[in-house]
Amino acid sequence: MQRAIRIAAAATRRALSSSAARASPPPPRGPLAPGWGATRWLCSGREALSYDVVIVGAGPAGLAAAIRLKQLCRAADTDLSVCVLEKGSEVGAHVLSGNVFEPRALDELIPKWRQEDSPIRVPVSSDKFWLLTKNQAWTLPSPFDNKGNYVISLSQLVRWMATKAEELGVEVYPGFAASEILYDENQIVTGVATNDVGIAKDGTKRETFQPGVELRGRITLLAEGCRGSLSEKIIRNHKLRERGQGQHQTYALGIKEVWEIEEGKHNPGSVIHTVGWPLDTKTYGGSFLYHLDDRQLAIGLVVALNYRNPFLSPYDEFQKFKQHPAVRKLLEGGTAIQYGARTLNEGGFQSIPYPIFPGGAIIGCSAGFLNVPKIKGTHTAMKSGMNV
């Protein structure tokens with residue numbers, strides 16, 4: 001593991017150095033004396049890499065923070081070494097969202113994104129809101145305003161953002177999960193460590209054992225997503241929810257599939273949200289159907305995890321939803337090509353903890369920056385990373 005990170009870091013630094021040499025000399029060091037790339041040493045038997053900023057999670061929040069940091073460095077004619085650690089095998093592998101994207105934050109971060117080859121191509125063309133009974137779909141006035149928004153694949157967006165970050169000199173390492181928070185003697189967070197590998201079930205070290213790698217940073221940003229393990233430890237240990245007078249967080253489970261449907265049934269940019277069946281009146285939740293490009297349809301069901309019926313299965317409720325007459329006719333003749341599930345923050349503004357801790361900050365859905373009434377969280381996650 002440490003060898004893979006070391007090789008990746010060295011390759012990144014060589015690429016940065018060669019491109020910088022072709023264009024201009026490396027930028028001068030600022031008052032914080034930042035380094036060009038990572039510094040490497042051994043610490044407690046583990047290899048350690050040192051950066052100015054370590055970001056955990058290559059989602060919208062983490063990548064927006066990395067891009068904005070590098071933009072500010074260029075504006076100030078200085079440089080900071082920035083590393084983004086991503087647990088997925090590739091950037092976007094663990095990002096799951098049928099997404100109606102509000103571009104407000106991206107307009108600020110990359111103002112000319114419309115002139116580039118971005119994956120944001122399908123503007124919202126219609127916005128409907130249905131009340132479902134078992135056999136009927138009643139159209140109600142839509143409580144949402146999606147004019148100017150886009151139907152996107154969020155995984156494609158973060159992959160594109162990762163390339164933009166790397167062009168600015170950010171080092172992005174997919175395939176490595178942060179499992180430990182590092183502290184100094186004053187209990188200030190100084191970075192994270194990846195988990196050890198090659199450990200047997202009984203806890204003994206196998207011949208293939210390799211210790212984790214420490215990634216130390218002057219600032220550590222946690223952008224793990226909803227209920228991130230390290231973020232929850234930080235919130236609890238530093239009593240951030242109490243400090244911010246935030247209520248407890250509540251959660252929902254979202255189940256999603258992507259279908260390839262027949263051409264005649266495909267309406268790019270169509271957005272439909274529903275309430276009602278198959279959920280009962282005591283269960284909070286709803287569903288969505290988003291028409292993307294290339295005959296693709298994102299369909300999903302969200303169920304709050306405070307449901308009272310102990311026998312309720314969100315997966316089974318999703319299967320019922322797909323059998324509704326108004327939904328089934330869209331799917332007939334099509335093929336499911338992707339599926340997955342994820343948790344969602346549902347607590348809203350009143351559940352956001354104090355986001356700052358000694359040595360860093362919690363950003364994005366790790367802190368709960370989801371605008372529940374709008375069913376929007378991507379642009380708020382990005383804004384939290386850009387303004388941290």
# chains A, B, ... in the order shown; residues from 1 in each chain; ligands from 1
$ select_by_dssp --residues "segment 37-261 of chain A" --states "helix (DSSP H, G or I)" --output "JSON, numbers by chain"
{"A": [60, 61, 62, 63, 64, 65, 66, 67, 68, 69, 70, 71, 72, 73, 74, 75, 104, 105, 106, 107, 108, 109, 113, 114, 115, 154, 155, 156, 157, 158, 159, 160, 161, 162, 163, 164, 165, 166, 167, 229, 230, 231, 232, 233, 234, 235, 236, 237, 240, 241, 242, 243]}
$ write_last_selection --atoms "N, CA and C atoms" --output "short mmCIF file (atom, residue, chain, number, x, y, z; two decimals), in the first residue's frame"
data_model
loop_
_atom_site.label_atom_id
_atom_site.label_comp_id
_atom_site.auth_asym_id
_atom_site.auth_seq_id
_atom_site.Cartn_x
_atom_site.Cartn_y
_atom_site.Cartn_z
N PRO A 60 -17.91 15.99 -4.18
CA PRO A 60 -18.02 17.40 -4.57
C PRO A 60 -17.38 18.35 -3.57
N ALA A 61 -17.56 18.09 -2.28
CA ALA A 61 -17.00 19.00 -1.27
C ALA A 61 -15.48 18.95 -1.25
N GLY A 62 -14.92 17.74 -1.18
CA GLY A 62 -13.47 17.62 -1.11
C GLY A 62 -12.76 18.15 -2.33
N LEU A 63 -13.28 17.86 -3.51
CA LEU A 63 -12.64 18.32 -4.74
C LEU A 63 -12.81 19.83 -4.93
N ALA A 64 -13.98 20.36 -4.54
CA ALA A 64 -14.17 21.81 -4.63
C ALA A 64 -13.20 22.53 -3.70
N ALA A 65 -12.97 21.98 -2.51
CA ALA A 65 -12.01 22.58 -1.58
C ALA A 65 -10.61 22.55 -2.16
N ALA A 66 -10.22 21.43 -2.77
CA ALA A 66 -8.88 21.30 -3.35
C ALA A 66 -8.68 22.28 -4.50
N ILE A 67 -9.68 22.37 -5.37
CA ILE A 67 -9.58 23.28 -6.51
C ILE A 67 -9.48 24.72 -6.04
N ARG A 68 -10.34 25.11 -5.09
CA ARG A 68 -10.32 26.49 -4.61
C ARG A 68 -9.00 26.82 -3.93
N LEU A 69 -8.43 25.89 -3.18
CA LEU A 69 -7.14 26.14 -2.53
C LEU A 69 -6.06 26.43 -3.58
N LYS A 70 -6.03 25.62 -4.62
CA LYS A 70 -5.02 25.83 -5.66
C LYS A 70 -5.26 27.11 -6.44
N GLN A 71 -6.52 27.46 -6.65
CA GLN A 71 -6.82 28.73 -7.31
C GLN A 71 -6.33 29.91 -6.48
N LEU A 72 -6.55 29.85 -5.16
CA LEU A 72 -6.09 30.91 -4.28
C LEU A 72 -4.57 30.99 -4.26
N CYS A 73 -3.92 29.83 -4.35
CA CYS A 73 -2.45 29.82 -4.40
C CYS A 73 -1.95 30.55 -5.64
N ARG A 74 -2.57 30.25 -6.78
CA ARG A 74 -2.14 30.91 -8.01
C ARG A 74 -2.37 32.41 -7.93
N ALA A 75 -3.50 32.80 -7.35
CA ALA A 75 -3.79 34.24 -7.23
C ALA A 75 -2.79 34.94 -6.33
N ARG A 104 -24.96 26.80 -9.17
CA ARG A 104 -24.53 28.05 -8.54
C ARG A 104 -23.07 27.97 -8.05
N ALA A 105 -22.74 26.90 -7.32
CA ALA A 105 -21.38 26.79 -6.79
C ALA A 105 -20.35 26.59 -7.89
N LEU A 106 -20.70 25.80 -8.91
CA LEU A 106 -19.77 25.56 -10.01
C LEU A 106 -19.53 26.83 -10.81
N ASP A 107 -20.55 27.69 -10.92
CA ASP A 107 -20.37 28.98 -11.59
C ASP A 107 -19.28 29.80 -10.91
N GLU A 108 -19.21 29.70 -9.58
CA GLU A 108 -18.20 30.44 -8.83
C GLU A 108 -16.83 29.76 -8.91
N LEU A 109 -16.84 28.42 -8.89
CA LEU A 109 -15.58 27.68 -8.84
C LEU A 109 -14.88 27.64 -10.20
N TRP A 113 -17.16 26.71 -17.15
CA TRP A 113 -17.39 25.27 -17.32
C TRP A 113 -18.30 24.97 -18.51
N ARG A 114 -19.17 25.91 -18.87
CA ARG A 114 -20.07 25.67 -20.01
C ARG A 114 -19.32 25.62 -21.33
N GLN A 115 -18.14 26.24 -21.39
CA GLN A 115 -17.35 26.21 -22.62
C GLN A 115 -16.42 25.00 -22.66
N LEU A 154 -23.73 12.31 -10.96
CA LEU A 154 -22.81 12.92 -10.02
C LEU A 154 -21.44 12.25 -10.06
N SER A 155 -21.39 10.95 -10.34
CA SER A 155 -20.09 10.28 -10.43
C SER A 155 -19.28 10.82 -11.61
N GLN A 156 -19.95 11.12 -12.73
CA GLN A 156 -19.24 11.72 -13.86
C GLN A 156 -18.75 13.13 -13.51
N LEU A 157 -19.55 13.87 -12.74
CA LEU A 157 -19.14 15.22 -12.35
C LEU A 157 -17.89 15.19 -11.50
N VAL A 158 -17.83 14.30 -10.50
CA VAL A 158 -16.65 14.31 -9.63
C VAL A 158 -15.42 13.80 -10.36
N ARG A 159 -15.60 12.90 -11.33
CA ARG A 159 -14.44 12.48 -12.12
C ARG A 159 -13.89 13.65 -12.92
N TRP A 160 -14.79 14.46 -13.48
CA TRP A 160 -14.35 15.64 -14.22
C TRP A 160 -13.69 16.64 -13.29
N MET A 161 -14.25 16.83 -12.10
CA MET A 161 -13.65 17.75 -11.13
C MET A 161 -12.27 17.26 -10.69
N ALA A 162 -12.10 15.95 -10.60
CA ALA A 162 -10.79 15.40 -10.21
C ALA A 162 -9.73 15.74 -11.25
N THR A 163 -10.08 15.67 -12.53
CA THR A 163 -9.12 16.04 -13.57
C THR A 163 -8.76 17.52 -13.47
N LYS A 164 -9.75 18.35 -13.15
CA LYS A 164 -9.48 19.78 -12.99
C LYS A 164 -8.56 20.02 -11.79
N ALA A 165 -8.78 19.27 -10.72
CA ALA A 165 -7.92 19.42 -9.55
C ALA A 165 -6.49 19.00 -9.86
N GLU A 166 -6.33 17.88 -10.57
CA GLU A 166 -4.99 17.41 -10.90
C GLU A 166 -4.28 18.37 -11.84
N GLU A 167 -5.01 19.00 -12.74
CA GLU A 167 -4.39 20.00 -13.63
C GLU A 167 -3.81 21.16 -12.83
N SER A 229 -17.04 7.84 9.02
CA SER A 229 -16.57 7.26 10.28
C SER A 229 -15.64 8.20 11.04
N LEU A 230 -14.68 8.81 10.34
CA LEU A 230 -13.76 9.73 11.02
C LEU A 230 -14.48 11.00 11.44
N SER A 231 -15.38 11.48 10.60
CA SER A 231 -16.14 12.70 10.94
C SER A 231 -16.97 12.49 12.20
N GLU A 232 -17.61 11.32 12.32
CA GLU A 232 -18.42 11.05 13.51
C GLU A 232 -17.55 11.01 14.76
N LYS A 233 -16.34 10.47 14.65
CA LYS A 233 -15.44 10.46 15.80
C LYS A 233 -15.07 11.88 16.20
N ILE A 234 -14.77 12.71 15.21
CA ILE A 234 -14.40 14.10 15.50
C ILE A 234 -15.57 14.84 16.13
N ILE A 235 -16.77 14.67 15.58
CA ILE A 235 -17.96 15.35 16.12
C ILE A 235 -18.18 14.94 17.57
N ARG A 236 -18.01 13.65 17.85
CA ARG A 236 -18.24 13.16 19.22
C ARG A 236 -17.11 13.59 20.16
N ASN A 237 -15.85 13.41 19.75
CA ASN A 237 -14.73 13.70 20.65
C ASN A 237 -14.59 15.18 20.95
N LEU A 240 -18.78 18.74 18.83
CA LEU A 240 -19.09 19.78 17.85
C LEU A 240 -20.59 20.02 17.73
N ARG A 241 -21.39 18.98 17.93
CA ARG A 241 -22.84 19.19 17.84
C ARG A 241 -23.34 20.05 18.99
N GLU A 242 -22.80 19.81 20.16
CA GLU A 242 -23.18 20.64 21.31
C GLU A 242 -22.67 22.07 21.13
N ARG A 243 -21.46 22.20 20.62
CA ARG A 243 -20.90 23.54 20.44
C ARG A 243 -21.68 24.35 19.43
#
$ residues_around --residues "segment 345-354 of chain A" --least-positions-apart "5" --cutoff "10 Å" --atoms "only C-alpha atoms" --output "ChimeraX atom specification"
/A:225-227,235,238-253,304-305,361-362,365-373,375,377
$ residues_around --residues "Ile337 of chain A" --least-positions-apart "3" --cutoff "7 Å" --atoms "only C-alpha atoms" --output "number ranges by chain"
A: 258-260
$ closest_residue --among "A:Thr281, A:Thr190, A:Thr208, A:Thr378" --to "Gly359 of chain A" --atoms "only C-alpha atoms"
A:Thr190
$ residues_around --residues "segment 79-87 of chain A" --least-positions-apart "4" --cutoff "6 Å" --atoms "only C-alpha atoms" --output "PyMOL selection string"
chain A and resi 34+37+51-58+73+170-177
$ write_last_selection --atoms "N, CA, C and O atoms" --output "compact mmCIF listing (two decimals), in the first residue's frame"
# COMPACT_ATOMS: atom_id res chain seq x y z
N PRO A 34 5.36 26.48 2.30
CA PRO A 34 4.82 25.22 1.80
C PRO A 34 5.82 24.50 0.91
O PRO A 34 6.69 25.09 0.30
N GLY A 37 4.99 19.37 -3.50
CA GLY A 37 4.75 17.95 -3.36
C GLY A 37 4.88 17.53 -1.91
O GLY A 37 4.91 18.34 -1.00
N TYR A 51 1.89 16.93 3.83
CA TYR A 51 1.29 17.91 2.92
C TYR A 51 0.88 19.14 3.72
O TYR A 51 0.79 19.10 4.95
N ASP A 52 0.60 20.19 3.01
CA ASP A 52 0.03 21.36 3.67
C ASP A 52 -1.44 21.11 4.01
O ASP A 52 -1.90 21.46 5.10
N VAL A 53 -2.18 20.49 3.08
CA VAL A 53 -3.60 20.22 3.30
C VAL A 53 -3.89 18.78 2.89
O VAL A 53 -3.54 18.37 1.78
N VAL A 54 -4.52 18.03 3.79
CA VAL A 54 -4.97 16.67 3.51
C VAL A 54 -6.49 16.66 3.50
O VAL A 54 -7.12 17.12 4.46
N ILE A 55 -7.08 16.16 2.42
CA ILE A 55 -8.54 16.12 2.27
C ILE A 55 -8.96 14.67 2.17
O ILE A 55 -8.42 13.92 1.34
N VAL A 56 -9.90 14.25 2.98
CA VAL A 56 -10.40 12.88 2.97
C VAL A 56 -11.74 12.85 2.24
O VAL A 56 -12.73 13.39 2.72
N GLY A 57 -11.75 12.25 1.06
CA GLY A 57 -12.98 12.14 0.27
C GLY A 57 -12.93 12.95 -1.00
O GLY A 57 -12.81 14.18 -0.96
N ALA A 58 -13.02 12.25 -2.16
CA ALA A 58 -13.00 12.93 -3.46
C ALA A 58 -14.42 13.07 -4.00
O ALA A 58 -14.72 12.66 -5.12
N CYS A 73 -3.92 29.83 -4.35
CA CYS A 73 -2.45 29.82 -4.40
C CYS A 73 -1.95 30.55 -5.64
O CYS A 73 -1.00 31.35 -5.57
N VAL A 170 -3.13 19.23 -7.66
CA VAL A 170 -3.62 18.44 -6.53
C VAL A 170 -3.26 16.97 -6.75
O VAL A 170 -3.38 16.45 -7.87
N GLU A 171 -2.82 16.29 -5.71
CA GLU A 171 -2.52 14.86 -5.79
C GLU A 171 -3.74 14.09 -5.30
O GLU A 171 -4.15 14.24 -4.15
N VAL A 172 -4.34 13.29 -6.17
CA VAL A 172 -5.55 12.53 -5.86
C VAL A 172 -5.19 11.05 -5.83
O VAL A 172 -4.66 10.51 -6.81
N TYR A 173 -5.49 10.40 -4.70
CA TYR A 173 -5.15 8.99 -4.51
C TYR A 173 -6.40 8.17 -4.28
O TYR A 173 -6.88 8.04 -3.15
N PRO A 174 -6.98 7.57 -5.33
CA PRO A 174 -8.12 6.66 -5.12
C PRO A 174 -7.65 5.29 -4.66
O PRO A 174 -6.50 4.89 -4.89
N GLY A 175 -8.55 4.57 -4.00
CA GLY A 175 -8.24 3.21 -3.58
C GLY A 175 -7.64 3.10 -2.20
O GLY A 175 -7.20 2.02 -1.80
N PHE A 176 -7.61 4.20 -1.45
CA PHE A 176 -7.02 4.18 -0.10
C PHE A 176 -8.00 4.82 0.88
O PHE A 176 -8.35 5.99 0.74
N ALA A 177 -8.42 4.04 1.87
CA ALA A 177 -9.39 4.51 2.85
C ALA A 177 -8.68 5.01 4.09
O ALA A 177 -7.81 4.31 4.65
$ residues_around --residues "Glu263 of chain A" --least-positions-apart "6" --cutoff "10 Å" --atoms "only C-alpha atoms" --output "list in words"
Asp294, Arg295, Gln296 and Gly334 of chain A
$ atom_distance --atom1 "atom CA of Pro143 of chain A" --atom2 "atom CA of Asn309 of chain A"
28.2 Å
$ closest_atom_pairs --of "segment 309-345 of chain A" --to "segment 283-292 of chain A" --cutoff "12 Å" --atoms "only C-alpha atoms" --output "JSON lines"
{"residue": "A:Asn309", "atom": "CA", "partner": "A:Thr283", "partner_atom": "CA", "distance": 8.5}
{"residue": "A:Pro310", "atom": "CA", "partner": "A:Thr283", "partner_atom": "CA", "distance": 11.6}
{"residue": "A:Leu312", "atom": "CA", "partner": "A:Thr283", "partner_atom": "CA", "distance": 9.8}
{"residue": "A:Ser313", "atom": "CA", "partner": "A:Thr283", "partner_atom": "CA", "distance": 11.8}
{"residue": "A:Pro314", "atom": "CA", "partner": "A:Gly285", "partner_atom": "CA", "distance": 10.1}
{"residue": "A:Glu317", "atom": "CA", "partner": "A:Ser287", "partner_atom": "CA", "distance": 10.6}
{"residue": "A:Phe318", "atom": "CA", "partner": "A:Ser287", "partner_atom": "CA", "distance": 8.7}
{"residue": "A:Gln319", "atom": "CA", "partner": "A:Ser287", "partner_atom": "CA", "distance": 11.8}
{"residue": "A:Lys320", "atom": "CA", "partner": "A:Ser287", "partner_atom": "CA", "distance": 11.7}
{"residue": "A:Phe321", "atom": "CA", "partner": "A:Ser287", "partner_atom": "CA", "distance": 8.3}
{"residue": "A:Lys322", "atom": "CA", "partner": "A:Ser287", "partner_atom": "CA", "distance": 10.2}
{"residue": "A:His324", "atom": "CA", "partner": "A:Ser287", "partner_atom": "CA", "distance": 11.9}
{"residue": "A:Ala326", "atom": "CA", "partner": "A:Leu289", "partner_atom": "CA", "distance": 11.1}
{"residue": "A:Val327", "atom": "CA", "partner": "A:Leu289", "partner_atom": "CA", "distance": 8.7}
{"residue": "A:Arg328", "atom": "CA", "partner": "A:Leu289", "partner_atom": "CA", "distance": 11.8}
{"residue": "A:Leu330", "atom": "CA", "partner": "A:Leu289", "partner_atom": "CA", "distance": 9.9}
{"residue": "A:Leu331", "atom": "CA", "partner": "A:Leu289", "partner_atom": "CA", "distance": 10.9}
{"residue": "A:Leu344", "atom": "CA", "partner": "A:Gly285", "partner_atom": "CA", "distance": 11.5}
$ closest_residue --among "A:Ser270, A:Thr78, A:Thr343, A:Ser179" --to "Asn195 of chain A" --atoms "only C-alpha atoms"
A:Ser179
$ atom_distance --atom1 "atom CA of Gln136 of chain A" --atom2 "atom CA of Val100 of chain A"
25.0 Å
